[in-house]
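Shown next: data-v1.txt, containing compact mmCIF, C-alpha atoms and all ligand atoms.
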```txt
# COMPACT_ATOMS: atom_id res chain seq x y z
CA MET K 1 91.63 99.09 82.48
CA ILE K 2 95.10 98.62 83.96
CA ALA K 3 94.43 99.63 87.58
CA SER K 4 97.61 101.70 87.84
CA GLU K 5 97.01 103.70 84.66
CA ASN K 6 95.05 106.86 84.03
CA TYR K 7 94.78 109.79 81.60
CA THR K 8 96.40 113.09 82.56
CA SER K 9 94.84 116.34 81.43
CA GLN K 10 96.09 118.31 78.46
CA ALA K 11 97.45 120.93 80.90
CA VAL K 12 99.60 118.32 82.67
CA MET K 13 100.96 117.08 79.33
CA GLU K 14 101.72 120.63 78.20
CA ALA K 15 103.76 121.21 81.37
CA VAL K 16 105.63 117.94 80.90
CA GLY K 17 106.30 118.87 77.27
CA SER K 18 107.62 122.32 78.21
CA VAL K 19 111.10 123.89 77.99
CA LEU K 20 111.69 123.07 81.66
CA THR K 21 113.04 119.75 80.38
CA ASN K 22 116.19 121.66 79.37
CA LYS K 23 117.23 122.80 82.85
CA TYR K 24 119.53 121.26 85.45
CA ALA K 25 118.48 122.27 88.96
CA GLU K 26 120.27 119.96 91.40
CA GLY K 27 119.43 120.97 94.95
CA TYR K 28 116.22 122.47 96.26
CA PRO K 29 114.46 125.85 95.79
CA LYS K 30 116.82 128.69 96.78
CA ALA K 31 119.65 126.18 97.41
CA ARG K 32 120.76 124.98 93.97
CA TYR K 33 124.08 123.82 92.62
CA TYR K 34 123.50 125.55 89.26
CA GLY K 35 122.85 129.12 88.18
CA GLY K 36 119.73 130.24 86.35
CA CYS K 37 117.29 128.30 88.52
CA GLU K 38 114.94 131.20 89.34
CA ASN K 39 112.06 129.76 87.31
CA SER K 40 112.77 126.22 88.47
CA ASP K 41 112.51 127.52 92.05
CA ILE K 42 109.08 129.02 91.37
CA VAL K 43 107.83 125.82 89.75
CA GLU K 44 109.16 123.46 92.42
CA GLN K 45 107.97 125.63 95.32
CA LEU K 46 104.52 125.78 93.74
CA ALA K 47 104.40 121.98 93.47
CA ILE K 48 105.57 121.63 97.09
CA ASP K 49 103.04 124.15 98.44
CA ARG K 50 100.18 122.57 96.50
CA ALA K 51 101.11 119.05 97.66
CA ILE K 52 101.26 120.20 101.29
CA LYS K 53 97.85 121.84 100.98
CA LEU K 54 96.27 118.94 99.10
CA PHE K 55 97.37 116.20 101.50
CA LYS K 56 97.45 118.39 104.66
CA VAL K 57 101.01 117.44 105.60
CA ASP K 58 104.08 119.22 107.01
CA HIS K 59 106.49 118.55 104.18
CA ALA K 60 106.59 117.36 100.57
CA ASN K 61 109.49 116.30 98.38
CA VAL K 62 108.34 116.40 94.75
CA GLN K 63 111.61 115.28 93.17
CA PRO K 64 111.40 111.45 93.13
CA HIS K 65 111.41 110.29 89.52
CA SER K 66 108.98 107.48 90.34
CA GLY K 67 107.23 105.65 93.14
CA SER K 68 110.11 103.17 93.25
CA GLN K 69 112.63 106.01 93.67
CA ALA K 70 110.42 107.48 96.39
CA ASN K 71 110.46 104.19 98.29
CA LEU K 72 114.21 103.74 97.92
CA ALA K 73 114.85 107.27 99.17
CA ALA K 74 112.44 106.82 102.10
CA TYR K 75 114.20 103.61 103.18
CA ASN K 76 117.53 105.39 102.74
CA ALA K 77 116.29 108.10 105.13
CA LEU K 78 114.86 105.75 107.76
CA MET K 79 117.25 102.78 107.72
CA ASN K 80 120.88 101.75 107.50
CA VAL K 81 121.84 99.03 105.05
CA GLY K 82 121.04 95.67 106.65
CA ASP K 83 118.27 97.03 108.91
CA LYS K 84 115.01 95.13 109.22
CA ALA K 85 111.72 96.07 107.60
CA LEU K 86 108.28 94.51 107.26
CA ALA K 87 105.87 94.79 104.32
CA LEU K 88 103.05 93.02 102.47
CA GLY K 89 104.43 90.31 100.16
CA LEU K 90 104.30 90.97 96.41
CA ASP K 91 102.43 87.70 95.91
CA HIS K 92 99.70 88.98 98.25
CA GLY K 93 99.33 92.39 96.60
CA GLY K 94 102.43 94.32 97.74
CA HIS K 95 105.11 95.81 95.48
CA LEU K 96 108.56 94.87 94.21
CA THR K 97 110.11 97.79 96.10
CA HIS K 98 108.66 96.50 99.35
CA GLY K 99 111.75 94.34 99.75
CA HIS K 100 111.23 91.64 97.14
CA LYS K 101 114.39 89.56 96.81
CA VAL K 102 114.92 90.45 93.12
CA ASN K 103 114.71 94.19 93.87
CA ILE K 104 117.51 96.36 95.26
CA THR K 105 115.33 97.08 98.34
CA GLY K 106 115.36 93.36 99.15
CA LYS K 107 119.13 93.24 98.78
CA LEU K 108 119.92 96.35 100.85
CA TYR K 109 117.45 95.77 103.67
CA ASN K 110 116.34 92.75 105.61
CA PHE K 111 112.63 92.50 104.80
CA SER K 112 110.10 90.02 106.11
CA HIS K 113 106.56 89.89 104.74
CA TYR K 114 103.06 89.61 106.07
CA GLY K 115 100.17 88.48 103.88
CA VAL K 116 96.42 88.26 103.52
CA ARG K 117 94.41 85.57 105.31
CA GLN K 118 93.52 82.54 103.20
CA ASP K 119 89.85 82.48 104.20
CA ASP K 120 88.73 86.09 103.59
CA GLU K 121 91.77 87.37 101.62
CA LEU K 122 92.02 90.47 103.83
CA ILE K 123 95.32 91.82 105.20
CA ASP K 124 96.28 89.83 108.29
CA TYR K 125 97.08 92.61 110.78
CA ASP K 126 97.58 90.00 113.51
CA GLN K 127 100.36 88.47 111.42
CA MET K 128 101.79 91.96 110.85
CA ARG K 129 101.85 92.42 114.64
CA ASP K 130 103.35 88.99 115.36
CA LEU K 131 106.12 89.52 112.81
CA ALA K 132 106.74 93.04 114.11
CA ILE K 133 107.07 91.79 117.69
CA ASN K 134 109.35 88.90 116.69
CA ASN K 135 111.54 90.73 114.16
CA LYS K 136 111.61 94.28 115.62
CA PRO K 137 111.75 96.05 112.22
CA GLN K 138 112.96 99.61 111.87
CA VAL K 139 110.23 100.30 109.29
CA ILE K 140 106.78 98.84 108.71
CA VAL K 141 105.39 99.40 105.21
CA ILE K 142 101.69 99.46 104.50
CA GLY K 143 100.84 99.78 100.83
CA THR K 144 99.51 97.69 97.97
CA THR K 145 99.27 97.34 94.22
CA ALA K 146 96.67 94.61 93.94
CA TYR K 147 94.47 94.80 97.02
CA PRO K 148 90.82 95.75 96.51
CA ARG K 149 90.07 96.79 100.08
CA ASN K 150 90.68 99.85 102.27
CA LEU K 151 93.89 99.97 104.30
CA ASP K 152 93.77 100.36 108.09
CA PHE K 153 96.50 102.93 108.73
CA GLN K 154 95.44 103.36 112.35
CA ARG K 155 95.93 99.66 113.10
CA ALA K 156 99.31 99.66 111.36
CA LYS K 157 100.37 102.72 113.39
CA GLN K 158 99.42 100.98 116.65
CA ILE K 159 101.61 98.03 115.65
CA ALA K 160 104.48 100.30 114.58
CA ASP K 161 104.28 102.19 117.88
CA GLU K 162 104.23 98.95 119.87
CA VAL K 163 107.64 97.97 118.45
CA GLY K 164 109.10 101.47 117.97
CA ALA K 165 109.12 101.24 114.15
CA PHE K 166 108.58 103.99 111.60
CA LEU K 167 105.36 103.56 109.62
CA LEU K 168 105.71 104.11 105.88
CA ALA K 169 102.47 104.27 103.87
CA ASP K 170 102.93 103.66 100.16
CA ILE K 171 99.73 105.10 98.70
CA ALA K 172 100.80 104.91 95.03
CA HIS K 173 97.56 103.27 93.92
CA ILE K 174 95.15 105.21 96.10
CA SER K 175 96.71 108.69 96.26
CA GLY K 176 93.88 110.22 94.21
CA LEU K 177 91.30 108.57 96.45
CA VAL K 178 93.15 109.82 99.54
CA ALA K 179 93.45 113.36 98.15
CA ALA K 180 89.69 113.38 97.51
CA ASN K 181 88.89 111.86 100.92
CA VAL K 182 87.37 108.80 99.32
CA HIS K 183 89.86 106.51 101.12
CA PRO K 184 90.99 107.15 104.73
CA SER K 185 94.19 109.19 104.83
CA PRO K 186 97.44 107.91 106.37
CA VAL K 187 98.24 111.49 107.45
CA GLY K 188 98.49 111.56 111.24
CA PHE K 189 99.43 107.86 111.30
CA ALA K 190 102.33 107.35 108.89
CA ASP K 191 105.72 108.99 109.49
CA VAL K 192 106.42 108.91 105.78
CA ILE K 193 104.04 108.63 102.82
CA THR K 194 105.30 107.67 99.37
CA MET K 195 103.45 107.55 96.09
CA SER K 196 103.66 107.63 92.36
CA THR K 197 101.85 110.59 90.86
CA HIS K 198 100.34 109.11 87.70
CA LYS K 199 97.81 106.61 88.96
CA THR K 200 94.50 107.67 90.55
CA LEU K 201 96.11 111.09 91.17
CA ARG K 202 96.18 111.71 87.38
CA GLY K 203 99.49 113.56 87.43
CA PRO K 204 102.53 113.05 85.23
CA ARG K 205 104.61 109.87 85.54
CA GLY K 206 106.65 110.43 88.71
CA GLY K 207 106.86 110.09 92.47
CA MET K 208 106.53 112.07 95.68
CA ILE K 209 107.29 111.75 99.39
CA LEU K 210 105.29 113.40 102.18
CA CYS K 211 106.46 113.43 105.80
CA ASN K 212 106.34 114.99 109.22
CA ALA K 213 108.47 118.07 109.85
CA ASN K 214 110.87 116.23 112.15
CA ILE K 215 112.19 114.00 109.36
CA ALA K 216 111.89 116.44 106.46
CA LYS K 217 115.63 117.14 106.27
CA LYS K 218 116.49 113.43 106.31
CA ILE K 219 114.01 112.75 103.49
CA ASP K 220 115.31 115.61 101.36
CA LYS K 221 118.90 114.45 101.80
CA ALA K 222 117.94 110.88 100.98
CA VAL K 223 116.36 111.97 97.68
CA PHE K 224 119.09 114.42 96.68
CA PRO K 225 122.01 113.77 96.87
CA GLY K 226 121.22 110.38 98.45
CA SER K 227 119.64 108.58 95.54
CA GLN K 228 119.04 111.01 92.64
CA GLY K 229 120.81 113.76 90.77
CA GLY K 230 119.05 116.54 88.86
CA PRO K 231 115.28 116.79 89.29
CA LEU K 232 113.01 116.49 86.23
CA MET K 233 111.74 120.06 86.28
CA HIS K 234 109.25 119.55 83.45
CA VAL K 235 107.69 116.66 85.38
CA ILE K 236 107.65 118.71 88.58
CA ALA K 237 105.74 121.39 86.63
CA GLY K 238 103.27 118.69 85.61
CA LYS K 239 102.93 117.68 89.27
CA ALA K 240 102.18 121.29 90.22
CA VAL K 241 99.40 121.37 87.61
CA ALA K 242 98.00 118.02 88.72
CA TYR K 243 97.91 118.98 92.42
CA GLN K 244 95.91 122.08 91.54
CA GLU K 245 93.50 119.96 89.48
CA ALA K 246 93.24 117.47 92.35
CA SER K 247 91.99 120.17 94.69
CA THR K 248 88.85 120.80 92.63
CA GLU K 249 85.29 119.58 93.16
CA GLU K 250 85.49 117.98 89.72
CA PHE K 251 88.42 115.79 90.85
CA ILE K 252 86.63 114.78 94.06
CA ASN K 253 83.62 113.68 92.00
CA LEU K 254 85.92 111.81 89.62
CA GLN K 255 87.40 109.82 92.51
CA LYS K 256 83.95 109.08 93.93
CA ASN K 257 82.85 107.89 90.51
CA THR K 258 86.00 105.76 90.13
CA VAL K 259 85.05 103.88 93.29
CA SER K 260 81.34 103.60 92.52
CA ASN K 261 82.16 102.43 88.98
CA ALA K 262 84.36 99.69 90.48
CA LYS K 263 81.45 98.64 92.71
CA VAL K 264 79.03 98.49 89.77
CA LEU K 265 81.54 96.50 87.72
CA SER K 266 82.27 94.13 90.60
CA GLU K 267 78.57 93.37 91.04
CA LYS K 268 78.15 92.74 87.33
CA LEU K 269 81.13 90.34 87.31
CA GLN K 270 79.92 88.52 90.41
CA ASN K 271 76.40 88.19 89.04
CA GLY K 272 77.99 86.71 85.92
CA GLY K 273 79.60 83.99 88.02
CA LEU K 274 83.14 85.36 88.41
CA ARG K 275 84.92 84.97 91.77
CA LEU K 276 86.40 88.20 93.09
CA VAL K 277 89.28 88.10 95.55
CA SER K 278 87.97 89.22 98.98
CA GLY K 279 84.44 89.12 97.56
CA GLY K 280 84.39 92.63 96.10
CA THR K 281 86.05 96.04 96.23
CA ASP K 282 86.24 99.22 98.30
CA ASN K 283 88.55 101.07 95.95
CA HIS K 284 89.43 101.51 92.27
CA LEU K 285 90.35 97.91 91.46
CA ILE K 286 89.03 94.39 91.28
CA LEU K 287 91.05 91.19 91.41
CA VAL K 288 89.33 88.32 89.59
CA ASP K 289 90.14 84.65 90.16
CA VAL K 290 89.65 83.18 86.66
CA THR K 291 90.36 79.55 87.53
CA SER K 292 86.69 78.55 87.77
CA LEU K 293 86.33 79.69 84.12
CA LYS K 294 88.97 77.09 83.17
CA LEU K 295 91.36 79.93 82.34
CA ASN K 296 94.61 81.27 83.72
CA GLY K 297 95.45 84.96 84.06
CA LYS K 298 97.51 85.09 80.88
CA ASP K 299 94.78 83.57 78.72
CA ALA K 300 92.14 85.83 80.29
CA GLU K 301 94.34 88.89 79.61
CA ASP K 302 94.77 87.78 75.97
CA LEU K 303 91.07 87.05 75.47
CA LEU K 304 90.08 90.49 76.74
CA ALA K 305 92.80 92.18 74.67
CA SER K 306 91.31 90.58 71.57
CA CYS K 307 88.14 92.60 72.15
CA GLY K 308 90.02 95.81 73.01
CA ILE K 309 89.91 95.58 76.80
CA ILE K 310 93.39 95.86 78.30
CA VAL K 311 93.90 94.40 81.77
CA ASN K 312 96.87 92.63 83.38
CA LYS K 313 97.29 89.07 84.55
CA ASN K 314 97.89 89.16 88.27
CA ALA K 315 98.71 86.67 90.99
CA ILE K 316 95.89 86.03 93.42
CA PRO K 317 96.71 85.25 97.06
CA TYR K 318 98.07 81.71 97.51
CA ASP K 319 98.42 81.39 93.71
CA ASN K 320 99.90 78.10 92.49
CA LEU K 321 100.82 79.46 89.06
CA PRO K 322 103.99 81.46 88.26
CA PRO K 323 103.87 85.30 87.86
CA THR K 324 104.15 84.94 84.06
CA ILE K 325 100.87 82.97 83.99
CA THR K 326 98.93 83.60 87.25
CA SER K 327 95.39 82.65 88.23
CA GLY K 328 93.90 86.12 88.09
CA ILE K 329 93.41 89.41 86.33
CA ARG K 330 93.44 92.89 87.85
CA ILE K 331 90.87 95.34 86.54
CA GLY K 332 90.81 99.07 87.37
CA THR K 333 88.30 101.84 86.77
CA PRO K 334 90.43 105.06 87.01
CA ALA K 335 91.13 105.49 83.29
CA LEU K 336 87.62 104.72 82.07
CA THR K 337 86.16 107.01 84.72
CA SER K 338 88.47 109.81 83.54
CA ARG K 339 87.05 109.22 80.05
CA GLY K 340 83.57 109.79 81.45
CA PHE K 341 82.26 106.23 81.78
CA GLY K 342 79.39 106.01 84.28
CA HIS K 343 77.40 103.14 85.76
CA LYS K 344 75.54 102.35 82.55
CA GLU K 345 78.79 101.99 80.61
CA MET K 346 80.45 99.98 83.39
CA GLU K 347 77.56 97.54 83.25
CA LYS K 348 78.16 97.14 79.51
CA VAL K 349 81.88 96.59 80.13
CA GLY K 350 81.09 94.04 82.83
CA GLU K 351 78.75 92.20 80.49
CA ILE K 352 81.44 92.05 77.81
CA ILE K 353 84.05 90.74 80.26
CA VAL K 354 81.71 88.03 81.54
CA ASN K 355 80.56 86.97 78.06
CA VAL K 356 84.05 86.88 76.56
CA LEU K 357 85.65 85.02 79.47
CA GLN K 358 82.75 82.58 79.84
CA SER K 359 82.26 81.77 76.14
CA LYS K 360 85.77 82.30 74.67
CA ASP K 361 83.85 82.35 71.39
CA ASN K 362 85.11 84.21 68.29
CA MET K 363 81.71 85.62 67.37
CA VAL K 364 81.18 86.91 70.92
CA ILE K 365 84.65 88.50 70.81
CA LYS K 366 83.92 90.14 67.44
CA ASN K 367 80.66 91.67 68.72
CA ALA K 368 82.38 92.74 71.96
CA LEU K 369 85.11 94.52 69.99
CA GLU K 370 82.46 96.49 68.08
CA THR K 371 80.83 97.62 71.35
CA VAL K 372 84.24 98.56 72.78
CA ILE K 373 85.02 100.68 69.70
CA GLU K 374 81.63 102.42 69.98
CA LEU K 375 82.23 103.18 73.67
CA CYS K 376 85.72 104.51 72.96
CA LYS K 377 84.37 106.80 70.23
CA GLU K 378 81.63 108.06 72.54
CA PHE K 379 84.12 108.75 75.37
CA PRO K 380 87.41 109.91 73.81
CA ALA K 381 90.59 109.86 75.87
CA PRO K 382 91.11 113.16 77.73
CA GLY K 383 94.23 115.20 77.09
CA ILE K 384 94.56 114.25 73.43
CA VAL K 385 93.82 117.08 71.06
CA VAL K 386 93.04 116.04 67.50
CA ARG K 387 94.01 118.90 65.16
N1 LIG K 401 103.52 98.71 88.30
C1 LIG K 401 102.53 99.34 89.15
C2 LIG K 401 101.22 98.64 89.11
O1 LIG K 401 100.81 98.29 88.04
O2 LIG K 401 100.57 98.48 90.14
C3 LIG K 401 103.00 99.53 90.53
O3 LIG K 401 104.08 100.39 90.52
```

Please express what this file holds, its structure, as structure tokens.
Ligand code: DSN
Amino acid sequence: MIASENYTSQAVMEAVGSVLTNKYAEGYPKARYYGGCENSDIVEQLAIDRAIKLFKVDHANVQPHSGSQANLAAYNALMNVGDKALALGLDHGGHLTHGHKVNITGKLYNFSHYGVRQDDELIDYDQMRDLAINNKPQVIVIGTTAYPRNLDFQRAKQIADEVGAFLLADIAHISGLVAANVHPSPVGFADVITMSTHKTLRGPRGGMILCNANIAKKIDKAVFPGSQGGPLMHVIAGKAVAYQEASTEEFINLQKNTVSNAKVLSEKLQNGGLRLVSGGTDNHLILVDVTSLKLNGKDAEDLLASCGIIVNKNAIPYDNLPPTITSGIRIGTPALTSRGFGHKEMEKVGEIIVNVLQSKDNMVIKNALETVIELCKEFPAPGIVVR
């Protein structure tokens, strides 16, 4: 139940495990630095065309090796070293590559950070605006890794326009929801959209950048040769497969179910006495404050792991504990929904989480583990063929 994880299909894994791993194809389709790229051209162009159609954008670069690489390349395209940028702080649900001081993005660029309000734990767009007006950033980033609510791309665009900044939407976590129209799209608001491809989108492990036509060349140059060498053609093939899968009715239903499963789970947890950051969820994840259970995030993660439920400890806004301990856990529904879990099963999972975290009792954990094993047998992981 790691919110950023999912199961790809067998078809995606077959593409990633294909002979395309053997080929060097530096450059772009029809403009390569190596011979013998005819098949690589077909594969990459297919991935590009499918991404453009899926997200309804002008341009797609499918070469970033990861979401982090996508962000670095996007900054490289939009800023000079030392330029100012503004993003949500990691401790409030942002990401390392949104200019955290330990990350290269925080060393190359001059980031300041907005946060969530203390009272309702929702993104403070007024603070975003104040910081934008005071600091005049070149880029404003809107994107999250541990925020259970919808993002207001329109509001962020208004702020970016007010100060003449580029708006970069990092939709790594919600790209599947956006593709299925289950979360509002940043298209039409953001100048550049970055993402990883393996989270709600269910593609192979990798990244992608979408953008308007006017900055397409800059983005392409910033990816290759700006920050990467040869593209991972086998992974790009996997992306092409995933984008086709993401355009189906089945995928749209999966994303709807991911969100409704998160709602069912959040209600179960709240009814069991757990405090949820921001009081609930609009998307695929839930952030639980475990302090009232006399636990910290690390202990809660360990307790749940002992009954077969894997989540991650996660800082909650205004957390007093260090990132290695934290006061919260982050719980996601994408992977279980891909396995076929519905509301009935999510209620069972919620009951287990509440019972285990409330009681911390060995007998309760033992019984919970048996139920988890039964559920896993009933809903096997997709993409794994047992021969
Ligand atoms: N590490 C990812 C997550 O778990 O949210 C973000 O890249």

*Test item: residues at most 8 Å from range 208-217 of chain K, all atoms listed in the file, excluding those fewer than 5 positions along its chain, as a PyMOL selection string*: chain K and resi 52+57-64+66-67+70+74+190-197

*Go through the chains and note each residue within 9 Å of ligand LIG 401 (chain K), using all atoms listed in the file, then give the set as JSON, numbers by chain.*
{"K": [2, 3, 4, 5, 66, 67, 68, 93, 94, 95, 96, 97, 144, 145, 146, 172, 173, 196, 199, 312]}

_I need the residue nearest Lys313 in chain K from this list: K:Gly17, K:Pro184, K:Gly203, K:Gly297. Use all atoms listed in the file for the distance._
K:Gly297

*Between K:His234, K:Lys84, K:Lys344, K:Lys101, single out the one closest to Gln138 in chain K, counting all atoms listed in the file.*
K:Lys84

*Expected residue set, 9 Å radius at (91.2, 85.4, 87.7), all atoms listed in the file, as an MDAnalysis selection string*: chainID K and resid 274:277 287:293 295:297 300 313:316 326:330

Keeping only C-alpha atoms, take the residues you just selected and write them out as a PDB file, keeping the file's coordinate frame.
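Here's the written file result07.pdb:
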```pdb
ATOM      1  CA  LEU K 274      83.140  85.360  88.410  1.00  0.00           C
ATOM      2  CA  ARG K 275      84.920  84.970  91.770  1.00  0.00           C
ATOM      3  CA  LEU K 276      86.400  88.200  93.090  1.00  0.00           C
ATOM      4  CA  VAL K 277      89.280  88.100  95.550  1.00  0.00           C
ATOM      5  CA  LEU K 287      91.050  91.190  91.410  1.00  0.00           C
ATOM      6  CA  VAL K 288      89.330  88.320  89.590  1.00  0.00           C
ATOM      7  CA  ASP K 289      90.140  84.650  90.160  1.00  0.00           C
ATOM      8  CA  VAL K 290      89.650  83.180  86.660  1.00  0.00           C
ATOM      9  CA  THR K 291      90.360  79.550  87.530  1.00  0.00           C
ATOM     10  CA  SER K 292      86.690  78.550  87.770  1.00  0.00           C
ATOM     11  CA  LEU K 293      86.330  79.690  84.120  1.00  0.00           C
ATOM     12  CA  LEU K 295      91.360  79.930  82.340  1.00  0.00           C
ATOM     13  CA  ASN K 296      94.610  81.270  83.720  1.00  0.00           C
ATOM     14  CA  GLY K 297      95.450  84.960  84.060  1.00  0.00           C
ATOM     15  CA  ALA K 300      92.140  85.830  80.290  1.00  0.00           C
ATOM     16  CA  LYS K 313      97.290  89.070  84.550  1.00  0.00           C
ATOM     17  CA  ASN K 314      97.890  89.160  88.270  1.00  0.00           C
ATOM     18  CA  ALA K 315      98.710  86.670  90.990  1.00  0.00           C
ATOM     19  CA  ILE K 316      95.890  86.030  93.420  1.00  0.00           C
ATOM     20  CA  THR K 326      98.930  83.600  87.250  1.00  0.00           C
ATOM     21  CA  SER K 327      95.390  82.650  88.230  1.00  0.00           C
ATOM     22  CA  GLY K 328      93.900  86.120  88.090  1.00  0.00           C
ATOM     23  CA  ILE K 329      93.410  89.410  86.330  1.00  0.00           C
ATOM     24  CA  ARG K 330      93.440  92.890  87.850  1.00  0.00           C
TER      25      ARG K 330
END
```

*Between CA of Ala381 in chain K and CA of Asp299 in chain K, what is the distance, to one decimal in Å?*
26.8 Å

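Counting all atoms listed in the file and comparing K:Leu336, K:Leu167, K:Ala222, K:Leu254, the residue that lies closest to Asn181 in chain K is K:Leu254.
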
*Write out as JSON, numbers by chain the residues lying within 6 Å of Leu86 in chain K, counting all atoms listed in the file and excluding same-chain residues fewer than 2 positions away.*
{"K": [111, 112, 113, 140]}

*asked:* Give me, as number ranges by chain, all polymer residues having an atom no more than 12 Å from Ala237 in chain K, counting all atoms listed in the file and skipping those fewer than 6 positions away in the same chain.
replied: K: 11-21, 39-48, 50, 62-63, 203-206, 231, 243-244

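Of the listed residues (K:Gly229, K:Gly308, K:Pro317, K:Pro323), K:Pro317 comes nearest to Tyr114 in chain K; the distances count only C-alpha atoms.
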
*Using only C-alpha atoms, which of K:Ala51, K:Ala180, K:Val372, K:Ala25 sits nearest Ala240 in chain K?*
K:Ala51

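Here CA of Gly332 in chain K is placed at a distance of 26.1 Å from CA of Leu72 in chain K.
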
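Taking CA of Val349 in chain K and CA of Leu303 in chain K as the two end points, the separation is 14.0 Å.
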
*Hey, what's within 12 Å of Arg129 in chain K if we count all atoms listed in the file and toss same-chain stuff fewer than 2 positions away? As number ranges by chain, please?*
K: 86-87, 113-115, 123-127, 131-137, 140, 155-163, 165

Please complete range 30-35 of chain K with all heavy atoms and give it back as an mmCIF file, in the coordinates of the input.
```
data_model
loop_
_atom_site.group_PDB
_atom_site.id
_atom_site.type_symbol
_atom_site.label_atom_id
_atom_site.label_comp_id
_atom_site.auth_asym_id
_atom_site.auth_seq_id
_atom_site.Cartn_x
_atom_site.Cartn_y
_atom_site.Cartn_z
ATOM 1 N N LYS K 30 115.953 127.700 96.120
ATOM 2 C CA LYS K 30 116.820 128.690 96.780
ATOM 3 C C LYS K 30 118.130 128.062 97.311
ATOM 4 O O LYS K 30 118.872 128.715 98.043
ATOM 5 C CB LYS K 30 116.084 129.381 97.947
ATOM 6 C CG LYS K 30 114.813 130.117 97.559
ATOM 7 C CD LYS K 30 115.057 131.615 97.608
ATOM 8 C CE LYS K 30 113.869 132.483 97.353
ATOM 9 N NZ LYS K 30 113.019 132.197 96.231
ATOM 10 N N ALA K 31 118.386 126.822 96.993
ATOM 11 C CA ALA K 31 119.650 126.180 97.410
ATOM 12 C C ALA K 31 120.071 125.221 96.310
ATOM 13 O O ALA K 31 120.055 124.005 96.478
ATOM 14 C CB ALA K 31 119.443 125.436 98.727
ATOM 15 N N ARG K 32 120.422 125.791 95.155
ATOM 16 C CA ARG K 32 120.760 124.980 93.970
ATOM 17 C C ARG K 32 122.256 124.935 93.739
ATOM 18 O O ARG K 32 122.993 125.831 94.179
ATOM 19 C CB ARG K 32 120.086 125.588 92.716
ATOM 20 C CG ARG K 32 118.593 125.786 92.806
ATOM 21 C CD ARG K 32 117.828 124.508 92.628
ATOM 22 N NE ARG K 32 116.394 124.800 92.570
ATOM 23 C CZ ARG K 32 115.454 123.866 92.527
ATOM 24 N NH1 ARG K 32 115.757 122.583 92.536
ATOM 25 N NH2 ARG K 32 114.186 124.199 92.493
ATOM 26 N N TYR K 33 122.667 123.940 92.987
ATOM 27 C CA TYR K 33 124.080 123.820 92.620
ATOM 28 C C TYR K 33 124.364 124.388 91.230
ATOM 29 O O TYR K 33 125.472 124.280 90.736
ATOM 30 C CB TYR K 33 124.512 122.349 92.708
ATOM 31 C CG TYR K 33 124.585 121.889 94.151
ATOM 32 C CD1 TYR K 33 123.445 121.474 94.825
ATOM 33 C CD2 TYR K 33 125.788 121.935 94.851
ATOM 34 C CE1 TYR K 33 123.498 121.081 96.155
ATOM 35 C CE2 TYR K 33 125.858 121.553 96.180
ATOM 36 C CZ TYR K 33 124.712 121.127 96.820
ATOM 37 O OH TYR K 33 124.774 120.753 98.149
ATOM 38 N N TYR K 34 123.335 124.952 90.595
ATOM 39 C CA TYR K 34 123.500 125.550 89.260
ATOM 40 C C TYR K 34 122.890 126.944 89.247
ATOM 41 O O TYR K 34 121.937 127.212 89.984
ATOM 42 C CB TYR K 34 122.761 124.710 88.203
ATOM 43 C CG TYR K 34 123.381 123.355 87.963
ATOM 44 C CD1 TYR K 34 123.104 122.297 88.812
ATOM 45 C CD2 TYR K 34 124.243 123.142 86.890
ATOM 46 C CE1 TYR K 34 123.666 121.047 88.605
ATOM 47 C CE2 TYR K 34 124.809 121.901 86.672
ATOM 48 C CZ TYR K 34 124.525 120.853 87.542
ATOM 49 O OH TYR K 34 125.080 119.627 87.331
ATOM 50 N N GLY K 35 123.436 127.806 88.369
ATOM 51 C CA GLY K 35 122.850 129.120 88.180
ATOM 52 C C GLY K 35 121.618 129.035 87.294
ATOM 53 O O GLY K 35 121.359 127.998 86.666
#
```
